[in-house]
>>> print(open('work12.cif').read())   # mmCIF, C-alpha atoms
data_query
loop_
_atom_site.group_PDB
_atom_site.id
_atom_site.type_symbol
_atom_site.label_atom_id
_atom_site.label_comp_id
_atom_site.auth_asym_id
_atom_site.auth_seq_id
_atom_site.Cartn_x
_atom_site.Cartn_y
_atom_site.Cartn_z
ATOM 1 C CA ALA O 1 199.948 291.437 55.779
ATOM 2 C CA HIS O 2 201.205 287.904 56.242
ATOM 3 C CA ILE O 3 198.744 285.095 55.735
ATOM 4 C CA PRO O 4 199.310 281.415 56.548
ATOM 5 C CA LEU O 5 201.448 279.601 53.959
ATOM 6 C CA ARG O 6 199.013 276.638 53.739
ATOM 7 C CA MET O 7 201.506 274.418 51.917
ATOM 8 C CA GLU O 8 200.076 271.410 50.084
ATOM 9 C CA ILE O 9 201.898 268.636 48.250
ATOM 10 C CA ALA O 10 200.478 268.178 44.741
ATOM 11 C CA GLU O 11 202.929 265.519 43.547
ATOM 12 C CA ARG O 12 205.708 263.446 45.112
ATOM 13 C CA ARG O 13 208.436 261.358 43.518
ATOM 14 C CA VAL O 14 211.222 259.492 45.289
ATOM 15 C CA PHE O 15 214.549 259.095 43.479
ATOM 16 C CA PRO O 16 217.556 257.062 44.695
ATOM 17 C CA ASP O 17 219.276 260.060 46.313
ATOM 18 C CA TYR O 18 216.632 262.801 46.644
ATOM 19 C CA ILE O 19 212.895 263.426 46.903
ATOM 20 C CA ARG O 20 211.064 265.844 44.589
ATOM 21 C CA GLU O 21 207.702 267.313 45.502
ATOM 22 C CA LYS O 22 205.536 269.768 43.622
ATOM 23 C CA ILE O 23 204.052 272.038 46.245
ATOM 24 C CA VAL O 24 201.536 274.865 46.307
ATOM 25 C CA TYR O 25 201.592 277.571 48.985
ATOM 26 C CA ALA O 26 199.991 280.975 49.584
ATOM 27 C CA VAL O 27 201.969 284.099 48.687
ATOM 28 C CA GLU O 28 199.136 286.556 49.289
ATOM 29 C CA ARG O 29 195.395 286.431 49.841
ATOM 30 C CA GLY O 30 193.860 284.687 46.815
ATOM 31 C CA LEU O 31 197.174 283.835 45.125
ATOM 32 C CA SER O 32 199.356 280.750 45.459
ATOM 33 C CA ALA O 33 202.779 279.821 44.135
ATOM 34 C CA VAL O 34 203.674 276.487 42.551
ATOM 35 C CA ALA O 35 207.178 275.186 43.236
ATOM 36 C CA TRP O 36 209.461 272.171 43.152
ATOM 37 C CA LEU O 37 210.845 271.206 46.544
ATOM 38 C CA CYS O 38 213.832 268.853 46.475
ATOM 39 C CA CYS O 39 215.172 267.247 49.655
ATOM 40 C CA PRO O 40 218.069 264.901 50.329
ATOM 41 C CA ARG O 41 216.798 261.352 50.728
ATOM 42 C CA THR O 42 219.230 260.613 53.508
ATOM 43 C CA ARG O 43 218.127 261.484 56.992
ATOM 44 C CA ALA O 44 221.610 261.101 58.478
ATOM 45 C CA GLN O 45 221.301 264.648 59.729
ATOM 46 C CA ARG O 46 218.111 266.200 60.976
ATOM 47 C CA LYS O 47 218.456 269.702 59.517
ATOM 48 C CA PHE O 48 219.891 270.718 56.154
ATOM 49 C CA PRO O 49 220.970 274.032 54.650
ATOM 50 C CA ALA O 50 218.501 275.360 52.068
ATOM 51 C CA VAL O 51 218.652 277.239 48.768
ATOM 52 C CA LEU O 52 215.867 279.200 47.088
ATOM 53 C CA CYS O 53 216.394 278.863 43.311
ATOM 54 C CA CYS O 54 215.064 281.743 41.147
ATOM 55 C CA HIS O 55 214.756 280.789 37.470
ATOM 56 C CA GLY O 56 215.392 283.046 34.501
ATOM 57 C CA MET O 57 213.551 283.455 31.199
ATOM 58 C CA GLY O 58 212.004 280.380 29.641
ATOM 59 C CA PRO O 59 209.532 277.831 30.930
ATOM 60 C CA GLY O 60 209.871 278.611 34.643
ATOM 61 C CA LYS O 61 210.819 276.276 37.486
ATOM 62 C CA ASP O 62 210.898 272.970 35.590
ATOM 63 C CA PRO O 63 214.439 273.089 34.086
ATOM 64 C CA LEU O 64 215.853 273.539 37.606
ATOM 65 C CA VAL O 65 214.744 269.943 38.273
ATOM 66 C CA GLY O 66 215.555 268.594 34.795
ATOM 67 C CA LEU O 67 212.183 268.947 33.088
ATOM 68 C CA PHE O 68 211.084 270.848 29.985
ATOM 69 C CA ASP O 69 207.554 270.682 28.610
ATOM 70 C CA GLY O 70 206.878 267.625 30.785
ATOM 71 C CA LYS O 71 209.878 265.699 29.459
ATOM 72 C CA GLU O 72 213.352 265.061 30.855
ATOM 73 C CA CYS O 73 215.848 267.803 29.996
ATOM 74 C CA LEU O 74 219.311 267.479 31.474
ATOM 75 C CA GLU O 75 221.102 270.559 30.141
ATOM 76 C CA TYR O 76 219.003 273.720 30.498
ATOM 77 C CA HIS O 77 219.625 275.252 33.975
ATOM 78 C CA LYS O 78 221.841 272.183 34.654
ATOM 79 C CA LEU O 79 219.385 270.575 37.124
ATOM 80 C CA VAL O 80 220.807 272.880 39.777
ATOM 81 C CA ALA O 81 218.009 272.252 42.318
ATOM 82 C CA VAL O 82 218.419 268.474 42.011
ATOM 83 C CA ARG O 83 222.216 268.604 42.191
ATOM 84 C CA LEU O 84 222.088 270.709 45.341
ATOM 85 C CA ALA O 85 219.606 268.277 46.939
ATOM 86 C CA GLN O 86 221.907 265.384 46.050
ATOM 87 C CA ARG O 87 224.663 267.231 47.929
ATOM 88 C CA GLY O 88 222.650 267.752 51.105
ATOM 89 C CA TYR O 89 220.556 270.910 50.556
ATOM 90 C CA VAL O 90 216.809 271.430 50.610
ATOM 91 C CA THR O 91 215.937 273.412 47.477
ATOM 92 C CA LEU O 92 212.815 275.351 46.596
ATOM 93 C CA SER O 93 212.228 276.397 42.957
ATOM 94 C CA PRO O 94 208.993 278.373 42.495
ATOM 95 C CA ASP O 95 207.513 279.638 39.246
ATOM 96 C CA ARG O 96 207.798 283.418 39.106
ATOM 97 C CA ARG O 97 204.680 285.380 38.162
ATOM 98 C CA GLY O 98 204.131 285.153 34.425
ATOM 99 C CA PHE O 99 206.074 281.878 34.027
ATOM 100 C CA GLY O 100 205.237 278.176 33.960
ATOM 101 C CA GLU O 101 202.156 277.311 35.975
ATOM 102 C CA CYS O 102 201.906 280.944 37.118
ATOM 103 C CA GLY O 103 201.732 282.292 33.560
ATOM 104 C CA ALA O 104 198.932 283.235 31.208
ATOM 105 C CA VAL O 105 200.594 281.648 28.173
ATOM 106 C CA PRO O 106 201.846 278.084 27.572
ATOM 107 C CA TYR O 107 205.211 276.996 29.006
ATOM 108 C CA GLY O 108 208.143 278.928 27.628
ATOM 109 C CA LYS O 109 205.973 280.946 25.257
ATOM 110 C CA GLN O 110 205.819 284.175 27.246
ATOM 111 C CA THR O 111 207.505 287.125 25.598
ATOM 112 C CA ASP O 112 208.888 290.417 26.802
ATOM 113 C CA ARG O 113 205.535 291.860 25.661
ATOM 114 C CA HIS O 114 203.582 289.477 27.946
ATOM 115 C CA LEU O 115 205.803 290.310 30.895
ATOM 116 C CA ALA O 116 205.612 294.066 30.159
ATOM 117 C CA LYS O 117 201.797 293.833 30.139
ATOM 118 C CA LEU O 118 201.880 291.985 33.470
ATOM 119 C CA ASP O 119 204.267 294.609 34.889
ATOM 120 C CA GLN O 120 201.959 297.414 33.688
ATOM 121 C CA PHE O 121 198.974 295.661 35.259
ATOM 122 C CA TYR O 122 200.684 295.431 38.663
ATOM 123 C CA ARG O 123 201.903 299.033 38.496
ATOM 124 C CA ARG O 124 198.419 300.280 37.557
ATOM 125 C CA THR O 125 196.353 298.129 39.951
ATOM 126 C CA ARG O 126 198.740 297.474 42.839
ATOM 127 C CA GLY O 127 201.236 300.345 42.689
ATOM 128 C CA ALA O 128 204.329 298.148 42.411
ATOM 129 C CA SER O 129 206.360 296.464 39.666
ATOM 130 C CA LEU O 130 206.374 292.810 38.660
ATOM 131 C CA LEU O 131 209.929 292.620 40.055
ATOM 132 C CA ALA O 132 208.665 293.873 43.425
ATOM 133 C CA PHE O 133 206.017 291.135 43.486
ATOM 134 C CA ASP O 134 208.580 288.489 42.466
ATOM 135 C CA ILE O 135 210.735 289.614 45.403
ATOM 136 C CA TRP O 136 207.699 289.487 47.725
ATOM 137 C CA ASP O 137 206.958 285.943 46.552
ATOM 138 C CA GLY O 138 210.613 285.075 47.211
ATOM 139 C CA LEU O 139 210.318 286.372 50.763
ATOM 140 C CA ARG O 140 207.332 284.064 51.244
ATOM 141 C CA ALA O 141 209.455 281.207 49.874
ATOM 142 C CA ILE O 142 212.130 282.031 52.471
ATOM 143 C CA ASP O 143 209.360 281.942 55.127
ATOM 144 C CA LEU O 144 208.417 278.459 53.916
ATOM 145 C CA LEU O 145 212.014 277.197 54.011
ATOM 146 C CA ALA O 146 212.726 278.761 57.418
ATOM 147 C CA HIS O 147 209.710 277.027 58.981
ATOM 148 C CA ARG O 148 210.465 273.539 57.689
ATOM 149 C CA ASP O 149 211.556 270.951 60.275
ATOM 150 C CA ASP O 150 214.296 269.651 57.959
ATOM 151 C CA VAL O 151 215.874 273.087 57.264
ATOM 152 C CA ASP O 152 218.501 274.827 59.362
ATOM 153 C CA ALA O 153 217.056 278.373 59.214
ATOM 154 C CA ARG O 154 220.516 279.785 59.959
ATOM 155 C CA LEU O 155 221.791 278.366 56.638
ATOM 156 C CA ILE O 156 219.578 279.682 53.825
ATOM 157 C CA GLY O 157 220.948 280.862 50.509
ATOM 158 C CA CYS O 158 219.423 282.219 47.323
ATOM 159 C CA LEU O 159 220.443 281.434 43.738
ATOM 160 C CA GLY O 160 219.372 283.514 40.746
ATOM 161 C CA ILE O 161 219.822 282.473 37.121
ATOM 162 C CA MET O 162 219.714 285.073 34.308
ATOM 163 C CA ASP O 163 216.997 287.642 35.134
ATOM 164 C CA GLY O 164 216.223 285.585 38.242
ATOM 165 C CA ALA O 165 219.469 287.083 39.567
ATOM 166 C CA ALA O 166 217.711 290.455 40.029
ATOM 167 C CA VAL O 167 214.992 288.696 42.014
ATOM 168 C CA ALA O 168 217.540 286.818 44.155
ATOM 169 C CA ALA O 169 219.517 290.016 44.804
ATOM 170 C CA GLY O 170 216.323 291.783 45.903
ATOM 171 C CA ILE O 171 215.406 288.921 48.221
ATOM 172 C CA GLY O 172 218.906 288.929 49.717
ATOM 173 C CA ALA O 173 218.770 292.705 50.224
ATOM 174 C CA GLN O 174 215.382 292.483 51.967
ATOM 175 C CA ASP O 175 215.807 289.415 54.175
ATOM 176 C CA GLU O 176 218.633 288.932 56.663
ATOM 177 C CA ARG O 177 217.847 285.199 56.821
ATOM 178 C CA VAL O 178 219.526 284.874 53.405
ATOM 179 C CA LYS O 179 223.165 284.205 54.302
ATOM 180 C CA ALA O 180 224.553 283.602 50.792
ATOM 181 C CA LEU O 181 223.748 284.701 47.233
ATOM 182 C CA SER O 182 224.786 283.187 43.926
ATOM 183 C CA LEU O 183 223.927 285.233 40.855
ATOM 184 C CA ALA O 184 224.517 283.659 37.455
#
>>> encode(input="work12.cif", output="C-alpha cells")
Amino acid sequence: AHIPLRMEIAERRVFPDYIREKIVYAVERGLSAVAWLCCPRTRAQRKFPAVLCCHGMGPGKDPLVGLFDGKECLEYHKLVAVRLAQRGYVTLSPDRRGFGECGAVPYGKQTDRHLAKLDQFYRRTRGASLLAFDIWDGLRAIDLLAHRDDVDARLIGCLGIMDGAAVAAGIGAQDERVKALSLA
C-alpha cells in the first residue's frame, strides 16, 4: 500500500552550477530512505529530465556526489549525480538497504555476509528478497521524482552502477515511467 512520501530536507548546499540536498522520504510504513538530490542551479527552463542513480557496493550514495567518509572524493563513481545535474538533470541517489545511512555497519564496511543476513531476514520475515525491497524503494524514488515541480515526468531515466545495475534493471522492468536505463 502506498503511503505519503513525506519528503524532508535534512541538509542543503548551493554550488556555483547545482544544488545538493540530503533528503529523507518514506518508502514504507515506519521506514524512510536517505538520498542526495541534485538539481541544476539554473532555472532557465521550468522542468528538467531526471535520473535515479542506484549505487553499487561500497559506502552507498555518497560517492555519486563526490563524498567518501564525509570527505571529498572525486574519482569513485565519478560524481555521476553531480555531473548530470550540471548538465541539466535532476538526480536522486538514495542509499540502498544495508548501505550508508541505511546500513547496520559503518560506511563501506558492510560485507557480503552482512548483506546475506539482511536478505535472509527479509525472506524470513517479509517473504521477499533484499533485491525486491531495493526495487520497491526505487519505485518510491521514481514516485518522488515524478511528483516534483521541477521534473518532466515524461523524461525519467535510471542508472545502475555495479550491483546497482540489477536494481535499476528491476525498476525499469516494473515502471513504465522509466524511459531510459544505463547499466554500468
>>> closest_residue(input="work12.cif", among="O:Glu28, O:Glu72, O:Ile9, O:Ala165", to="Phe133 (chain O)", atoms="all atoms listed in the file")
O:Glu28
>>> resolve_selection(input="work12.cif", expression="the PyMOL selection byres ((chain O and resi 25) around 7)", output="MDAnalysis selection string")
chainID O and resid 5:8 23:24 26:27 32:34
>>> residues_near_point(input="work12.cif", point="(215.3, 269.9, 55.3)", cutoff="8 Å", atoms="only C-alpha atoms", output="NGL selection string")
:O and (39-40 or 46-50 or 89-90 or 148-152)
>>> resolve_selection(input="work12.cif", expression="the PyMOL selection byres ((chain O and resi 92) around 7)", output="number ranges by chain")
O: 35-38, 51-53, 90-91, 93-94
>>> atom_distance(input="work12.cif", atom1="CA of Leu84 (chain O)", atom2="CA of Leu159 (chain O)")
11.0 Å
>>> closest_residue(input="work12.cif", among="O:Glu101, O:Pro59, O:Leu181, O:Ala141", to="Cys73 (chain O)", atoms="only C-alpha atoms")
O:Pro59
>>> atom_distance(input="work12.cif", atom1="CA of Leu115 (chain O)", atom2="CA of Gly98 (chain O)")
6.5 Å
>>> residues_near_point(input="work12.cif", point="(213.7, 290.2, 44.4)", cutoff="7 Å", atoms="all atoms listed in the file", output="PDB file with C-alpha atoms, keeping the file's coordinate frame")
ATOM      1  CA  LEU O 131     209.929 292.620  40.055  1.00  0.00           C
ATOM      2  CA  ALA O 132     208.665 293.873  43.425  1.00  0.00           C
ATOM      3  CA  ASP O 134     208.580 288.489  42.466  1.00  0.00           C
ATOM      4  CA  ILE O 135     210.735 289.614  45.403  1.00  0.00           C
ATOM      5  CA  TRP O 136     207.699 289.487  47.725  1.00  0.00           C
ATOM      6  CA  GLY O 138     210.613 285.075  47.211  1.00  0.00           C
ATOM      7  CA  ALA O 166     217.711 290.455  40.029  1.00  0.00           C
ATOM      8  CA  VAL O 167     214.992 288.696  42.014  1.00  0.00           C
ATOM      9  CA  ALA O 168     217.540 286.818  44.155  1.00  0.00           C
ATOM     10  CA  ALA O 169     219.517 290.016  44.804  1.00  0.00           C
ATOM     11  CA  GLY O 170     216.323 291.783  45.903  1.00  0.00           C
ATOM     12  CA  ILE O 171     215.406 288.921  48.221  1.00  0.00           C
TER      13      ILE O 171
END
>>> atom_distance(input="work12.cif", atom1="CA of Glu21 (chain O)", atom2="CA of Leu145 (chain O)")
13.7 Å
>>> closest_residue(input="work12.cif", among="O:Ile142, O:Ala116, O:Leu67, O:Leu74", to="Arg20 (chain O)", atoms="all atoms listed in the file")
O:Leu67
>>> resolve_selection(input="work12.cif", expression="the PyMOL selection byres ((chain O and resi 42) around 10)", output="list in words")
Pro16, Asp17, Tyr18, Ile19, Cys39, Pro40, Arg41, Arg43, Ala44, Gln45, Arg46, Gln86 and Gly88 of chain O
>>> closest_residue(input="work12.cif", among="O:Gly66, O:Gly157, O:Gly127, O:Gly58", to="Arg96 (chain O)", atoms="only C-alpha atoms")
O:Gly58
>>> closest_residue(input="work12.cif", among="O:His114, O:Ile161, O:Leu155, O:Asp175", to="Leu79 (chain O)", atoms="only C-alpha atoms")
O:Ile161
>>> axis_aligned_box(input="work12.cif", around="region 47-65 of chain O", padding_each_side="6 Å", output="lines of an AutoDock Vina configuration file")
center_x = 215.3
center_y = 276.6
center_z = 44.6
size_x = 23.4
size_y = 25.8
size_z = 41.9
>>> closest_residue(input="work12.cif", among="O:Gln110, O:Ala153, O:Lys179, O:Arg13", to="Val65 (chain O)", atoms="only C-alpha atoms")
O:Arg13
